[in-house]
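Here the structure comes first, spelled out in structure tokens, and everything after it is commentary.
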Amino acid sequence: MDDFVHVLTDNWDIIGPHFWETIKLFLIAAVGSVVLGTLLAAMRVSPVPALRGFGSSYVLLLRNTPLTLVFALQVFALPKLGVTFDFTTGACVALTAYTSAFVCEALRSGINTVPVGQAEAARALGMTFTQVLTNVVLPQAFRTVVPPLVSVLNAMLKNTTVAAGFSVAEAGAITFYLSERGENQIYGLLWITIGFLILVVPLVTLQRMLERRWKVAR
């Protein structure tokens, strides 16, 4: 047991900063994914065929592309086009681009639960498509998709470990440094697991809180 605890205390200079980098990656990519995913969902239900086509193509492509490949394209392909990012920013871009496709589909399922009559009534009052979407449809859609949306963000939190393979110093890279110091790898992996559990608990708590509050509101 003492050896297990010492792996944490003796290597906090590695474990702490790397988990902090994971938290930053998650927060930035989560905001970006929700914003981009909302825009994509709006495109997918847009009356403009070109926007619907773009949204559908984006979601189809990204949902069926491995995240590792998205990272590889960001690291190796974009610089060929003159677009470069530092490692952390590039990881945020890759995570946002990938996760937004899943956010879009979760949100679109919520949009489909809103009664058509409400949108028709709003249009009868003279509201534009954008006004109907932002004032009538999306507020209700977000309430219905809290569980799947949180599940998507949970998955993204764990997906941040892919960034370790592309030179980002986050939690997924901790074992490499512990190995160099000759530490017990099993203990190191257990501490990483505990760290991710600690990060996931607030998300689950937030999900349950929002579900209770919005259930009452409905």
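Ordering of the structure tokens sets the chain letters (A, B, ...); residue numbers start at 1 within each chain; ligands are numbered from 1 in the order shown.
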
Leu149 of chain A surroundings by only C-alpha atoms, 8 Å radius, close-in-sequence under 5 positions cut, as a VMD selection string: chain A and resid 103 106 to 107

DSSP alpha helix (DSSP H) selection over segment 30-197 of chain A, as a PDB file with C-alpha atoms, in the first residue's frame:
ATOM      1  CA  ALA A  30     -16.053  20.743 -24.837  1.00  0.00           C
ATOM      2  CA  VAL A  31     -17.049  24.370 -25.440  1.00  0.00           C
ATOM      3  CA  GLY A  32     -15.862  24.211 -29.040  1.00  0.00           C
ATOM      4  CA  SER A  33     -17.677  20.929 -29.665  1.00  0.00           C
ATOM      5  CA  VAL A  34     -20.992  22.160 -28.276  1.00  0.00           C
ATOM      6  CA  VAL A  35     -20.802  25.397 -30.290  1.00  0.00           C
ATOM      7  CA  LEU A  36     -19.772  23.701 -33.541  1.00  0.00           C
ATOM      8  CA  GLY A  37     -22.143  20.790 -32.947  1.00  0.00           C
ATOM      9  CA  THR A  38     -25.047  23.217 -32.473  1.00  0.00           C
ATOM     10  CA  LEU A  39     -24.196  24.978 -35.738  1.00  0.00           C
ATOM     11  CA  LEU A  40     -24.005  21.635 -37.524  1.00  0.00           C
ATOM     12  CA  ALA A  41     -27.364  20.570 -36.077  1.00  0.00           C
ATOM     13  CA  ALA A  42     -28.872  23.849 -37.303  1.00  0.00           C
ATOM     14  CA  MET A  43     -27.444  23.142 -40.757  1.00  0.00           C
ATOM     15  CA  ARG A  44     -28.900  19.633 -40.765  1.00  0.00           C
ATOM     16  CA  PRO A  49     -30.204  22.323 -49.288  1.00  0.00           C
ATOM     17  CA  ALA A  50     -26.536  23.352 -49.464  1.00  0.00           C
ATOM     18  CA  LEU A  51     -26.339  23.752 -45.676  1.00  0.00           C
ATOM     19  CA  ARG A  52     -28.120  20.434 -45.102  1.00  0.00           C
ATOM     20  CA  GLY A  53     -25.718  18.742 -47.505  1.00  0.00           C
ATOM     21  CA  PHE A  54     -22.649  20.226 -45.810  1.00  0.00           C
ATOM     22  CA  GLY A  55     -23.870  19.311 -42.331  1.00  0.00           C
ATOM     23  CA  SER A  56     -24.741  15.757 -43.331  1.00  0.00           C
ATOM     24  CA  SER A  57     -21.420  15.248 -45.147  1.00  0.00           C
ATOM     25  CA  TYR A  58     -19.406  16.599 -42.227  1.00  0.00           C
ATOM     26  CA  VAL A  59     -21.154  14.364 -39.710  1.00  0.00           C
ATOM     27  CA  LEU A  60     -20.925  11.294 -41.957  1.00  0.00           C
ATOM     28  CA  LEU A  61     -17.206  11.842 -42.557  1.00  0.00           C
ATOM     29  CA  LEU A  62     -16.130  12.653 -38.997  1.00  0.00           C
ATOM     30  CA  ARG A  63     -18.266  10.010 -37.261  1.00  0.00           C
ATOM     31  CA  LEU A  67      -9.910   9.935 -33.855  1.00  0.00           C
ATOM     32  CA  THR A  68      -6.268   8.915 -34.244  1.00  0.00           C
ATOM     33  CA  LEU A  69      -6.527   9.634 -37.961  1.00  0.00           C
ATOM     34  CA  VAL A  70      -8.074  13.054 -37.261  1.00  0.00           C
ATOM     35  CA  PHE A  71      -5.079  13.845 -35.043  1.00  0.00           C
ATOM     36  CA  ALA A  72      -2.684  12.565 -37.710  1.00  0.00           C
ATOM     37  CA  PHE A  87       0.615  20.739 -29.951  1.00  0.00           C
ATOM     38  CA  THR A  88      -2.039  21.719 -27.403  1.00  0.00           C
ATOM     39  CA  THR A  89      -4.044  23.936 -29.768  1.00  0.00           C
ATOM     40  CA  GLY A  90      -3.887  21.261 -32.447  1.00  0.00           C
ATOM     41  CA  ALA A  91      -5.219  18.684 -30.004  1.00  0.00           C
ATOM     42  CA  CYS A  92      -8.132  20.993 -29.139  1.00  0.00           C
ATOM     43  CA  VAL A  93      -8.889  21.467 -32.838  1.00  0.00           C
ATOM     44  CA  ALA A  94      -8.838  17.714 -33.506  1.00  0.00           C
ATOM     45  CA  LEU A  95     -11.016  16.901 -30.482  1.00  0.00           C
ATOM     46  CA  THR A  96     -13.477  19.666 -31.340  1.00  0.00           C
ATOM     47  CA  ALA A  97     -13.744  18.663 -34.997  1.00  0.00           C
ATOM     48  CA  TYR A  98     -14.316  15.027 -34.093  1.00  0.00           C
ATOM     49  CA  THR A  99     -16.647  15.392 -31.111  1.00  0.00           C
ATOM     50  CA  SER A 100     -18.839  18.078 -32.698  1.00  0.00           C
ATOM     51  CA  ALA A 101     -20.193  15.479 -35.130  1.00  0.00           C
ATOM     52  CA  PHE A 102     -21.489  13.406 -32.197  1.00  0.00           C
ATOM     53  CA  VAL A 103     -22.839  16.498 -30.416  1.00  0.00           C
ATOM     54  CA  CYS A 104     -24.667  17.391 -33.628  1.00  0.00           C
ATOM     55  CA  GLU A 105     -26.418  14.032 -33.821  1.00  0.00           C
ATOM     56  CA  ALA A 106     -27.341  14.081 -30.136  1.00  0.00           C
ATOM     57  CA  LEU A 107     -28.801  17.564 -30.515  1.00  0.00           C
ATOM     58  CA  ARG A 108     -30.587  16.701 -33.759  1.00  0.00           C
ATOM     59  CA  SER A 109     -32.343  13.846 -31.976  1.00  0.00           C
ATOM     60  CA  GLY A 110     -33.543  16.401 -29.427  1.00  0.00           C
ATOM     61  CA  ILE A 111     -34.738  18.746 -32.172  1.00  0.00           C
ATOM     62  CA  VAL A 116     -43.778  20.280 -35.349  1.00  0.00           C
ATOM     63  CA  GLY A 117     -46.811  22.328 -34.450  1.00  0.00           C
ATOM     64  CA  GLN A 118     -44.738  24.633 -32.254  1.00  0.00           C
ATOM     65  CA  ALA A 119     -42.403  25.530 -35.095  1.00  0.00           C
ATOM     66  CA  GLU A 120     -45.344  26.023 -37.447  1.00  0.00           C
ATOM     67  CA  ALA A 121     -47.069  28.289 -34.934  1.00  0.00           C
ATOM     68  CA  ALA A 122     -43.874  30.342 -34.545  1.00  0.00           C
ATOM     69  CA  ARG A 123     -43.554  30.714 -38.321  1.00  0.00           C
ATOM     70  CA  ALA A 124     -47.225  31.746 -38.486  1.00  0.00           C
ATOM     71  CA  PHE A 129     -36.061  30.081 -39.300  1.00  0.00           C
ATOM     72  CA  THR A 130     -33.217  31.379 -37.117  1.00  0.00           C
ATOM     73  CA  GLN A 131     -35.638  32.870 -34.596  1.00  0.00           C
ATOM     74  CA  VAL A 132     -37.709  29.686 -34.466  1.00  0.00           C
ATOM     75  CA  LEU A 138     -33.133  24.595 -29.371  1.00  0.00           C
ATOM     76  CA  PRO A 139     -34.071  25.475 -25.750  1.00  0.00           C
ATOM     77  CA  GLN A 140     -36.393  22.449 -25.665  1.00  0.00           C
ATOM     78  CA  ALA A 141     -33.961  20.239 -27.573  1.00  0.00           C
ATOM     79  CA  PHE A 142     -31.122  20.872 -25.122  1.00  0.00           C
ATOM     80  CA  ARG A 143     -33.352  19.842 -22.228  1.00  0.00           C
ATOM     81  CA  THR A 144     -34.123  16.477 -23.784  1.00  0.00           C
ATOM     82  CA  VAL A 146     -28.752  16.111 -21.462  1.00  0.00           C
ATOM     83  CA  PRO A 147     -27.971  12.379 -20.919  1.00  0.00           C
ATOM     84  CA  PRO A 148     -26.620  11.651 -24.431  1.00  0.00           C
ATOM     85  CA  LEU A 149     -24.784  14.979 -24.554  1.00  0.00           C
ATOM     86  CA  VAL A 150     -23.023  14.311 -21.261  1.00  0.00           C
ATOM     87  CA  SER A 151     -22.178  10.817 -22.508  1.00  0.00           C
ATOM     88  CA  VAL A 152     -20.546  12.355 -25.582  1.00  0.00           C
ATOM     89  CA  LEU A 153     -18.525  14.745 -23.412  1.00  0.00           C
ATOM     90  CA  ASN A 154     -17.543  11.871 -21.112  1.00  0.00           C
ATOM     91  CA  ALA A 155     -16.246   9.983 -24.123  1.00  0.00           C
ATOM     92  CA  MET A 156     -14.332  13.057 -25.244  1.00  0.00           C
ATOM     93  CA  LEU A 157     -12.714  13.380 -21.826  1.00  0.00           C
ATOM     94  CA  LYS A 158     -11.340   9.870 -22.187  1.00  0.00           C
ATOM     95  CA  ASN A 159     -10.421  10.531 -25.819  1.00  0.00           C
ATOM     96  CA  ILE A 174       2.075   9.872 -17.570  1.00  0.00           C
ATOM     97  CA  THR A 175       3.033   6.212 -17.898  1.00  0.00           C
ATOM     98  CA  PHE A 176       5.897   7.066 -20.251  1.00  0.00           C
ATOM     99  CA  TYR A 177       7.491   9.315 -17.638  1.00  0.00           C
ATOM    100  CA  LEU A 178       6.831   6.875 -14.799  1.00  0.00           C
ATOM    101  CA  SER A 179       8.519   4.163 -16.848  1.00  0.00           C
ATOM    102  CA  GLU A 180      11.610   6.330 -17.247  1.00  0.00           C
ATOM    103  CA  GLN A 185       3.425   0.705 -14.172  1.00  0.00           C
ATOM    104  CA  ILE A 186       0.370  -1.019 -12.687  1.00  0.00           C
ATOM    105  CA  TYR A 187       0.239   1.491  -9.850  1.00  0.00           C
ATOM    106  CA  GLY A 188       0.692   4.304 -12.334  1.00  0.00           C
ATOM    107  CA  LEU A 189      -2.221   3.081 -14.460  1.00  0.00           C
ATOM    108  CA  LEU A 190      -4.391   2.733 -11.360  1.00  0.00           C
ATOM    109  CA  TRP A 191      -3.698   6.340 -10.386  1.00  0.00           C
ATOM    110  CA  ILE A 192      -4.553   7.488 -13.914  1.00  0.00           C
ATOM    111  CA  THR A 193      -7.817   5.537 -13.686  1.00  0.00           C
ATOM    112  CA  ILE A 194      -8.630   7.134 -10.324  1.00  0.00           C
ATOM    113  CA  GLY A 195      -7.824  10.558 -11.785  1.00  0.00           C
ATOM    114  CA  PHE A 196     -10.257  10.090 -14.650  1.00  0.00           C
ATOM    115  CA  LEU A 197     -12.946   8.844 -12.279  1.00  0.00           C
TER     116      LEU A 197
END

Straight-line distance linking atom CA of Pro79 of chain A with atom CA of Phe19 of chain A, stated in Å to one decimal: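 Those two atoms sit 27.8 Å apart.
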
A:Ala169, A:Arg181, A:Arg213, A:Val7 ranked by distance to Ile23 of chain A, top pick (using only C-alpha atoms):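 Nearest candidate to Ile23 of chain A out of A:Ala169, A:Arg181, A:Arg213, A:Val7: A:Ala169.
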
Closest of A:Pro115, A:Gly172, A:Gly165, A:Gly126 to Thr22 of chain A - atom-to-atom distances counting only C-alpha atoms: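 With only C-alpha atoms as the atom set, the closest residue is A:Gly172.
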
Interatomic distance, atom CA of Glu211 of chain A to atom CA of Ala29 of chain A (Å, one decimal):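 Distance reported for this atom pair: 22.9 Å.
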
Residue with smallest distance to Val5 of chain A - pool A:Glu183, A:Glu21, A:Ala163, A:Val200, counting only C-alpha atoms: A:Glu183
